[in-house]
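A.B. asks: Pasting a structure here, questions to come.
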Number of protein chains: 2
Amino acid sequence: MTKLSKLEYQIMESLWVRGELSIREIQESFQGKRVPAYTTVQTTIYRMEAKGTVLRVKKVGNFHIFGAAVSREAAQRRLIDDLLGFFGGQTQPVMAHLIESGKLSLEDIKEAEQVLLNSKRKAKR
Amino acid sequence: MTKLSKLEYQIMESLWVRGELSIREIQESFQGKRVPAYTTVQTTIYRMEAKGTVLRVKKVGNFHIFGAAVSREAAQRRLIDDLLGFFGGQTQPVMAHLIESGKLSLEDIKEAEQVLLNSKRKAKR
DNA sequence: CCATAAAACATACATATGTAGTAGAAACTA
DNA sequence: TAGTTTCTACTACATATGTATGTTTTATGG
């Protein structure tokens, strides 16, 4: 799995949320954000297809329908691992900045702790 | 502050750790990792200089000495904010993946909790 | 069945980045 | 001081990505 660019990720987000879509539908899903030209989405989709990130699932009328070929989890994992690569795999800088910027609340941490405890319990069984 | 590439970040890491260095010294600091050609480091440094990421502090003999013009904290912050941009600012995917991949230990979380509590206390005073 | 609208496809171009070669200047050494 | 080493500065090229244009193909409504 290659690392997704911002635009690629946004396209994937549409496919993950709405399911299989045409290029036109993907383009129109860019609401609120700056909407790229139809052909910009198209070129990007074609390239993603070549890389195996999306695939054509069928043809309806004269247009193709594309679907996600990688999971959101895998894509996110790749992005995060890539970031950690900068820090030599250390999570500390990430945690420190999340906290320092106020993006991580005490509740978030408590929740993370629970998740961690649960996965630990699961691993033991 | 622009987002640093992997190579740029590695170069900065040398400057942050070892202080002001020549291009040769920066190149030689790539131990263990794949060592880029001297001119690769040079070109990258020149581009970083144009962007204001590093600056020439002095000339010794026939070579220039470069120093960091941005802090490690600012650079890390930029990288992390960039990642969060993918997730619409949500920290949850980051936390989930750090935990799921086993990169975040219970100790890390406890420590983060402490940092958070401390900064909260500081903010109150 | 044919005109038209929409989509497909191919091509192109700019920027960022990693990569490296080469020519000439500068400094050190014998 | 002349030769050698080492930098600098410039140039070049490949790949990835965002962006868009133009031409061809395909459906479909009249």
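Residue names in the structure tokens use chain letters A, B, ... in the order shown, residue numbers from 1 in each chain, and ligand numbers from 1 in the order shown.
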Mind listing as a PyMOL selection string which residues of chain D are within 8 Å of chain A, counting only C-alpha atoms (C1' of nucleotides)?
C.D. replies: chain D and resi 18-20+26-27
A.B. asks: Please save N, CA and C atoms (P, O5', C5', C4', C3', O3' and C1' of nucleotides) of the selected residues as an mmCIF file, in the first residue's frame.
C.D. replies:
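Saved as again_19.cif:
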data_model
loop_
_atom_site.group_PDB
_atom_site.id
_atom_site.type_symbol
_atom_site.label_atom_id
_atom_site.label_comp_id
_atom_site.auth_asym_id
_atom_site.auth_seq_id
_atom_site.Cartn_x
_atom_site.Cartn_y
_atom_site.Cartn_z
ATOM 1 P P DG D 18 -2.238 15.171 -4.948
ATOM 2 O "O5'" DG D 18 -2.533 16.503 -5.762
ATOM 3 C "C5'" DG D 18 -1.869 17.694 -5.385
ATOM 4 C "C4'" DG D 18 -2.104 18.763 -6.434
ATOM 5 C "C3'" DG D 18 -3.565 18.943 -6.860
ATOM 6 O "O3'" DG D 18 -3.875 20.338 -6.788
ATOM 7 C "C1'" DG D 18 -2.168 18.674 -8.770
ATOM 8 P P DT D 19 -5.378 20.832 -7.126
ATOM 9 O "O5'" DT D 19 -5.311 21.124 -8.681
ATOM 10 C "C5'" DT D 19 -4.396 22.094 -9.173
ATOM 11 C "C4'" DT D 19 -4.376 22.075 -10.687
ATOM 12 C "C3'" DT D 19 -5.741 21.950 -11.349
ATOM 13 O "O3'" DT D 19 -6.251 23.217 -11.662
ATOM 14 C "C1'" DT D 19 -3.997 20.757 -12.507
ATOM 15 P P DA D 20 -7.743 23.403 -12.281
ATOM 16 O "O5'" DA D 20 -7.511 23.129 -13.830
ATOM 17 C "C5'" DA D 20 -6.475 23.824 -14.510
ATOM 18 C "C4'" DA D 20 -6.282 23.252 -15.896
ATOM 19 C "C3'" DA D 20 -7.577 23.109 -16.681
ATOM 20 O "O3'" DA D 20 -7.522 23.984 -17.799
ATOM 21 C "C1'" DA D 20 -6.178 21.199 -16.939
ATOM 22 P P DT D 26 -16.687 3.169 -27.697
ATOM 23 O "O5'" DT D 26 -17.931 3.582 -26.812
ATOM 24 C "C5'" DT D 26 -17.699 4.133 -25.517
ATOM 25 C "C4'" DT D 26 -18.993 4.704 -24.979
ATOM 26 C "C3'" DT D 26 -20.246 3.922 -25.366
ATOM 27 O "O3'" DT D 26 -20.998 3.742 -24.199
ATOM 28 C "C1'" DT D 26 -20.549 6.208 -25.815
ATOM 29 P P DA D 27 -21.926 2.394 -24.057
ATOM 30 O "O5'" DA D 27 -23.231 3.076 -23.504
ATOM 31 C "C5'" DA D 27 -23.539 4.330 -24.024
ATOM 32 C "C4'" DA D 27 -24.389 5.145 -23.110
ATOM 33 C "C3'" DA D 27 -25.857 4.731 -23.182
ATOM 34 O "O3'" DA D 27 -26.520 5.238 -22.040
ATOM 35 C "C1'" DA D 27 -25.464 6.685 -24.495
#
A.B. asks: Over all Cα atoms in order, fit chain B to chain A and jot down the RMSD to one decimal place.
C.D. replies: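 For chain A versus chain B, the C-alpha RMSD is 0.1 Å.
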A.B. asks: For the helix (DSSP H, G or I) assignment from backbone DSSP, which residues of chain B qualify? Please present them as a ChimeraX atom specification.
C.D. replies: /B:6-18,23-28,38-51,72-86,92-100,106-124
A.B. asks: Can you check which residues of chain A have any atom within 8 Å of chain B? Use only C-alpha atoms and format it as a PDB file with N, CA and C atoms, in the first residue's frame.
C.D. replies:
ATOM      1  N   LYS A   6      -3.120  13.871   0.012  1.00  0.00           N
ATOM      2  CA  LYS A   6      -4.318  14.460   0.602  1.00  0.00           C
ATOM      3  C   LYS A   6      -5.527  14.276  -0.320  1.00  0.00           C
ATOM      4  N   TYR A   9      -6.609  10.724  -0.481  1.00  0.00           N
ATOM      5  CA  TYR A   9      -7.291  10.322   0.749  1.00  0.00           C
ATOM      6  C   TYR A   9      -8.728  10.846   0.764  1.00  0.00           C
ATOM      7  N   GLN A  10      -8.906  12.058   0.301  1.00  0.00           N
ATOM      8  CA  GLN A  10     -10.248  12.635   0.286  1.00  0.00           C
ATOM      9  C   GLN A  10     -11.162  11.862  -0.660  1.00  0.00           C
ATOM     10  N   GLN A  76      -4.933   4.687   6.823  1.00  0.00           N
ATOM     11  CA  GLN A  76      -4.580   5.515   7.981  1.00  0.00           C
ATOM     12  C   GLN A  76      -3.299   4.997   8.616  1.00  0.00           C
ATOM     13  N   ARG A  77      -3.233   3.712   8.731  1.00  0.00           N
ATOM     14  CA  ARG A  77      -2.049   3.087   9.317  1.00  0.00           C
ATOM     15  C   ARG A  77      -0.792   3.502   8.573  1.00  0.00           C
ATOM     16  N   LEU A  79      -0.293   6.177   6.774  1.00  0.00           N
ATOM     17  CA  LEU A  79       0.007   7.584   7.008  1.00  0.00           C
ATOM     18  C   LEU A  79       0.681   7.786   8.353  1.00  0.00           C
ATOM     19  N   ILE A  80       0.156   7.111   9.339  1.00  0.00           N
ATOM     20  CA  ILE A  80       0.682   7.263  10.692  1.00  0.00           C
ATOM     21  C   ILE A  80       2.075   6.647  10.804  1.00  0.00           C
ATOM     22  N   LEU A  83       4.526   8.981   9.366  1.00  0.00           N
ATOM     23  CA  LEU A  83       4.873  10.067  10.291  1.00  0.00           C
ATOM     24  C   LEU A  83       5.840   9.567  11.355  1.00  0.00           C
ATOM     25  N   PHE A  86       9.481   9.528  10.647  1.00  0.00           N
ATOM     26  CA  PHE A  86      10.243  10.765  10.851  1.00  0.00           C
ATOM     27  C   PHE A  86      10.881  10.768  12.239  1.00  0.00           C
ATOM     28  N   GLN A  90       9.333   6.665  17.293  1.00  0.00           N
ATOM     29  CA  GLN A  90       8.914   7.109  18.626  1.00  0.00           C
ATOM     30  C   GLN A  90       7.542   7.785  18.610  1.00  0.00           C
ATOM     31  N   THR A  91       6.728   7.418  19.548  1.00  0.00           N
ATOM     32  CA  THR A  91       5.389   8.003  19.629  1.00  0.00           C
ATOM     33  C   THR A  91       5.385   9.270  20.491  1.00  0.00           C
ATOM     34  N   GLN A  92       6.401   9.395  21.290  1.00  0.00           N
ATOM     35  CA  GLN A  92       6.446  10.509  22.234  1.00  0.00           C
ATOM     36  C   GLN A  92       6.219  11.888  21.597  1.00  0.00           C
ATOM     37  N   PRO A  93       6.917  12.208  20.519  1.00  0.00           N
ATOM     38  CA  PRO A  93       6.688  13.535  19.919  1.00  0.00           C
ATOM     39  C   PRO A  93       5.230  13.723  19.502  1.00  0.00           C
ATOM     40  N   VAL A  94       4.639  12.664  18.997  1.00  0.00           N
ATOM     41  CA  VAL A  94       3.245  12.752  18.556  1.00  0.00           C
ATOM     42  C   VAL A  94       2.346  13.042  19.748  1.00  0.00           C
ATOM     43  N   MET A  95       2.505  12.256  20.763  1.00  0.00           N
ATOM     44  CA  MET A  95       1.691  12.446  21.962  1.00  0.00           C
ATOM     45  C   MET A  95       1.892  13.843  22.541  1.00  0.00           C
ATOM     46  N   ALA A  96       3.138  14.242  22.661  1.00  0.00           N
ATOM     47  CA  ALA A  96       3.432  15.552  23.246  1.00  0.00           C
ATOM     48  C   ALA A  96       2.757  16.678  22.474  1.00  0.00           C
ATOM     49  N   HIS A  97       2.809  16.602  21.154  1.00  0.00           N
ATOM     50  CA  HIS A  97       2.220  17.680  20.359  1.00  0.00           C
ATOM     51  C   HIS A  97       0.706  17.643  20.360  1.00  0.00           C
ATOM     52  N   LEU A  98       0.160  16.456  20.411  1.00  0.00           N
ATOM     53  CA  LEU A  98      -1.305  16.358  20.462  1.00  0.00           C
ATOM     54  C   LEU A  98      -1.797  17.004  21.750  1.00  0.00           C
ATOM     55  N   ILE A  99      -1.089  16.716  22.800  1.00  0.00           N
ATOM     56  CA  ILE A  99      -1.484  17.273  24.094  1.00  0.00           C
ATOM     57  C   ILE A  99      -1.250  18.777  24.132  1.00  0.00           C
ATOM     58  N   GLU A 100      -0.061  19.147  23.757  1.00  0.00           N
ATOM     59  CA  GLU A 100       0.318  20.552  23.837  1.00  0.00           C
ATOM     60  C   GLU A 100      -0.606  21.439  23.021  1.00  0.00           C
ATOM     61  N   LYS A 103      -5.312  19.211  21.451  1.00  0.00           N
ATOM     62  CA  LYS A 103      -6.158  18.359  20.608  1.00  0.00           C
ATOM     63  C   LYS A 103      -6.516  17.040  21.278  1.00  0.00           C
ATOM     64  N   LEU A 104      -5.795  16.767  22.332  1.00  0.00           N
ATOM     65  CA  LEU A 104      -6.053  15.518  23.037  1.00  0.00           C
ATOM     66  C   LEU A 104      -6.581  15.851  24.434  1.00  0.00           C
ATOM     67  N   SER A 105      -7.785  15.447  24.692  1.00  0.00           N
ATOM     68  CA  SER A 105      -8.371  15.736  25.998  1.00  0.00           C
ATOM     69  C   SER A 105      -8.103  14.580  26.965  1.00  0.00           C
ATOM     70  N   LEU A 106      -8.402  14.845  28.202  1.00  0.00           N
ATOM     71  CA  LEU A 106      -8.231  13.802  29.216  1.00  0.00           C
ATOM     72  C   LEU A 106      -9.154  12.627  28.894  1.00  0.00           C
ATOM     73  N   ASP A 108     -10.056  11.661  25.920  1.00  0.00           N
ATOM     74  CA  ASP A 108      -9.436  10.897  24.832  1.00  0.00           C
ATOM     75  C   ASP A 108      -8.437   9.911  25.398  1.00  0.00           C
ATOM     76  N   ILE A 109      -7.661  10.374  26.340  1.00  0.00           N
ATOM     77  CA  ILE A 109      -6.633   9.521  26.926  1.00  0.00           C
ATOM     78  C   ILE A 109      -7.250   8.379  27.723  1.00  0.00           C
ATOM     79  N   ALA A 112      -8.405   5.914  25.306  1.00  0.00           N
ATOM     80  CA  ALA A 112      -7.274   5.174  24.738  1.00  0.00           C
ATOM     81  C   ALA A 112      -6.802   4.108  25.723  1.00  0.00           C
ATOM     82  N   GLU A 113      -6.796   4.495  26.972  1.00  0.00           N
ATOM     83  CA  GLU A 113      -6.361   3.569  28.010  1.00  0.00           C
ATOM     84  C   GLU A 113      -7.280   2.351  28.041  1.00  0.00           C
ATOM     85  N   VAL A 115      -9.142   1.213  25.593  1.00  0.00           N
ATOM     86  CA  VAL A 115      -8.910   0.423  24.383  1.00  0.00           C
ATOM     87  C   VAL A 115      -7.687  -0.454  24.567  1.00  0.00           C
ATOM     88  N   LEU A 116      -6.664   0.140  25.132  1.00  0.00           N
ATOM     89  CA  LEU A 116      -5.417  -0.588  25.338  1.00  0.00           C
ATOM     90  C   LEU A 116      -5.609  -1.750  26.309  1.00  0.00           C
ATOM     91  N   SER A 119      -7.614  -4.516  24.549  1.00  0.00           N
ATOM     92  CA  SER A 119      -6.848  -5.294  23.578  1.00  0.00           C
ATOM     93  C   SER A 119      -5.866  -6.208  24.290  1.00  0.00           C
TER      94      SER A 119
END
A.B. asks: Write out as an MDAnalysis selection string every residue belonging to chain C that has an atom at most 10 Å from any atom of chain B, counting only C-alpha atoms (C1' of nucleotides).
C.D. replies: chainID C and resid 16:21 25:28
A.B. asks: Taking only chain B into account, list the residues labelled strand (DSSP E or B) by DSSP (computed from the backbone), as JSON, numbers by chain.
C.D. replies: {"B": [21, 54, 55, 56, 57, 58, 59, 60, 63, 64, 65, 66, 67, 68]}
A.B. asks: What are the closest atom pairs, with distances in Å to one decimal, for all residues of chain D lying within 12 Å of segment 16-30 of chain B? Consider only C-alpha atoms (C1' of nucleotides), order rows by chain and residue number, and present the result as JSON lines.
C.D. replies:
{"residue": "D:DT6", "atom": "C1'", "partner": "B:Arg24", "partner_atom": "CA", "distance": 10.1}
{"residue": "D:DC7", "atom": "C1'", "partner": "B:Arg24", "partner_atom": "CA", "distance": 9.3}
{"residue": "D:DT8", "atom": "C1'", "partner": "B:Ile23", "partner_atom": "CA", "distance": 10.8}
A.B. asks: Quote the spacing between atom C1' of DA3 of chain C and atom C1' of DT25 of chain D in Å to one decimal place.
C.D. replies: 14.6 Å
A.B. asks: Just give me the gap between atom CA of Gly52 of chain A and atom CA of Ala68 of chain A in Å, one decimal is fine.
C.D. replies: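 Atom CA of Ala68 of chain A lies at a distance of 9.1 Å from atom CA of Gly52 of chain A.
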A.B. asks: Just want the 12 Å neighbourhood of DG3 of chain D, counted on only C-alpha atoms (C1' of nucleotides), with same-chain residues fewer than 2 positions away dropped. Output as an MDAnalysis selection string.
C.D. replies: (chainID C and resid 28:30) or (chainID D and resid 1 5)
A.B. asks: Create the file for the chosen residues now, containing C-alpha atoms (C1' of nucleotides) and written as a CSV table (one decimal), in the first residue's frame.
C.D. replies:
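Dumped everything to out-v4.csv:
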chain,number,residue,atom,x,y,z
C,28,DC,C1',46.0,23.3,1.8
C,29,DT,C1',50.4,20.8,1.1
C,30,DA,C1',54.7,19.5,-0.6
D,1,DT,C1',54.4,28.4,-6.0
D,5,DT,C1',42.1,18.1,-2.7
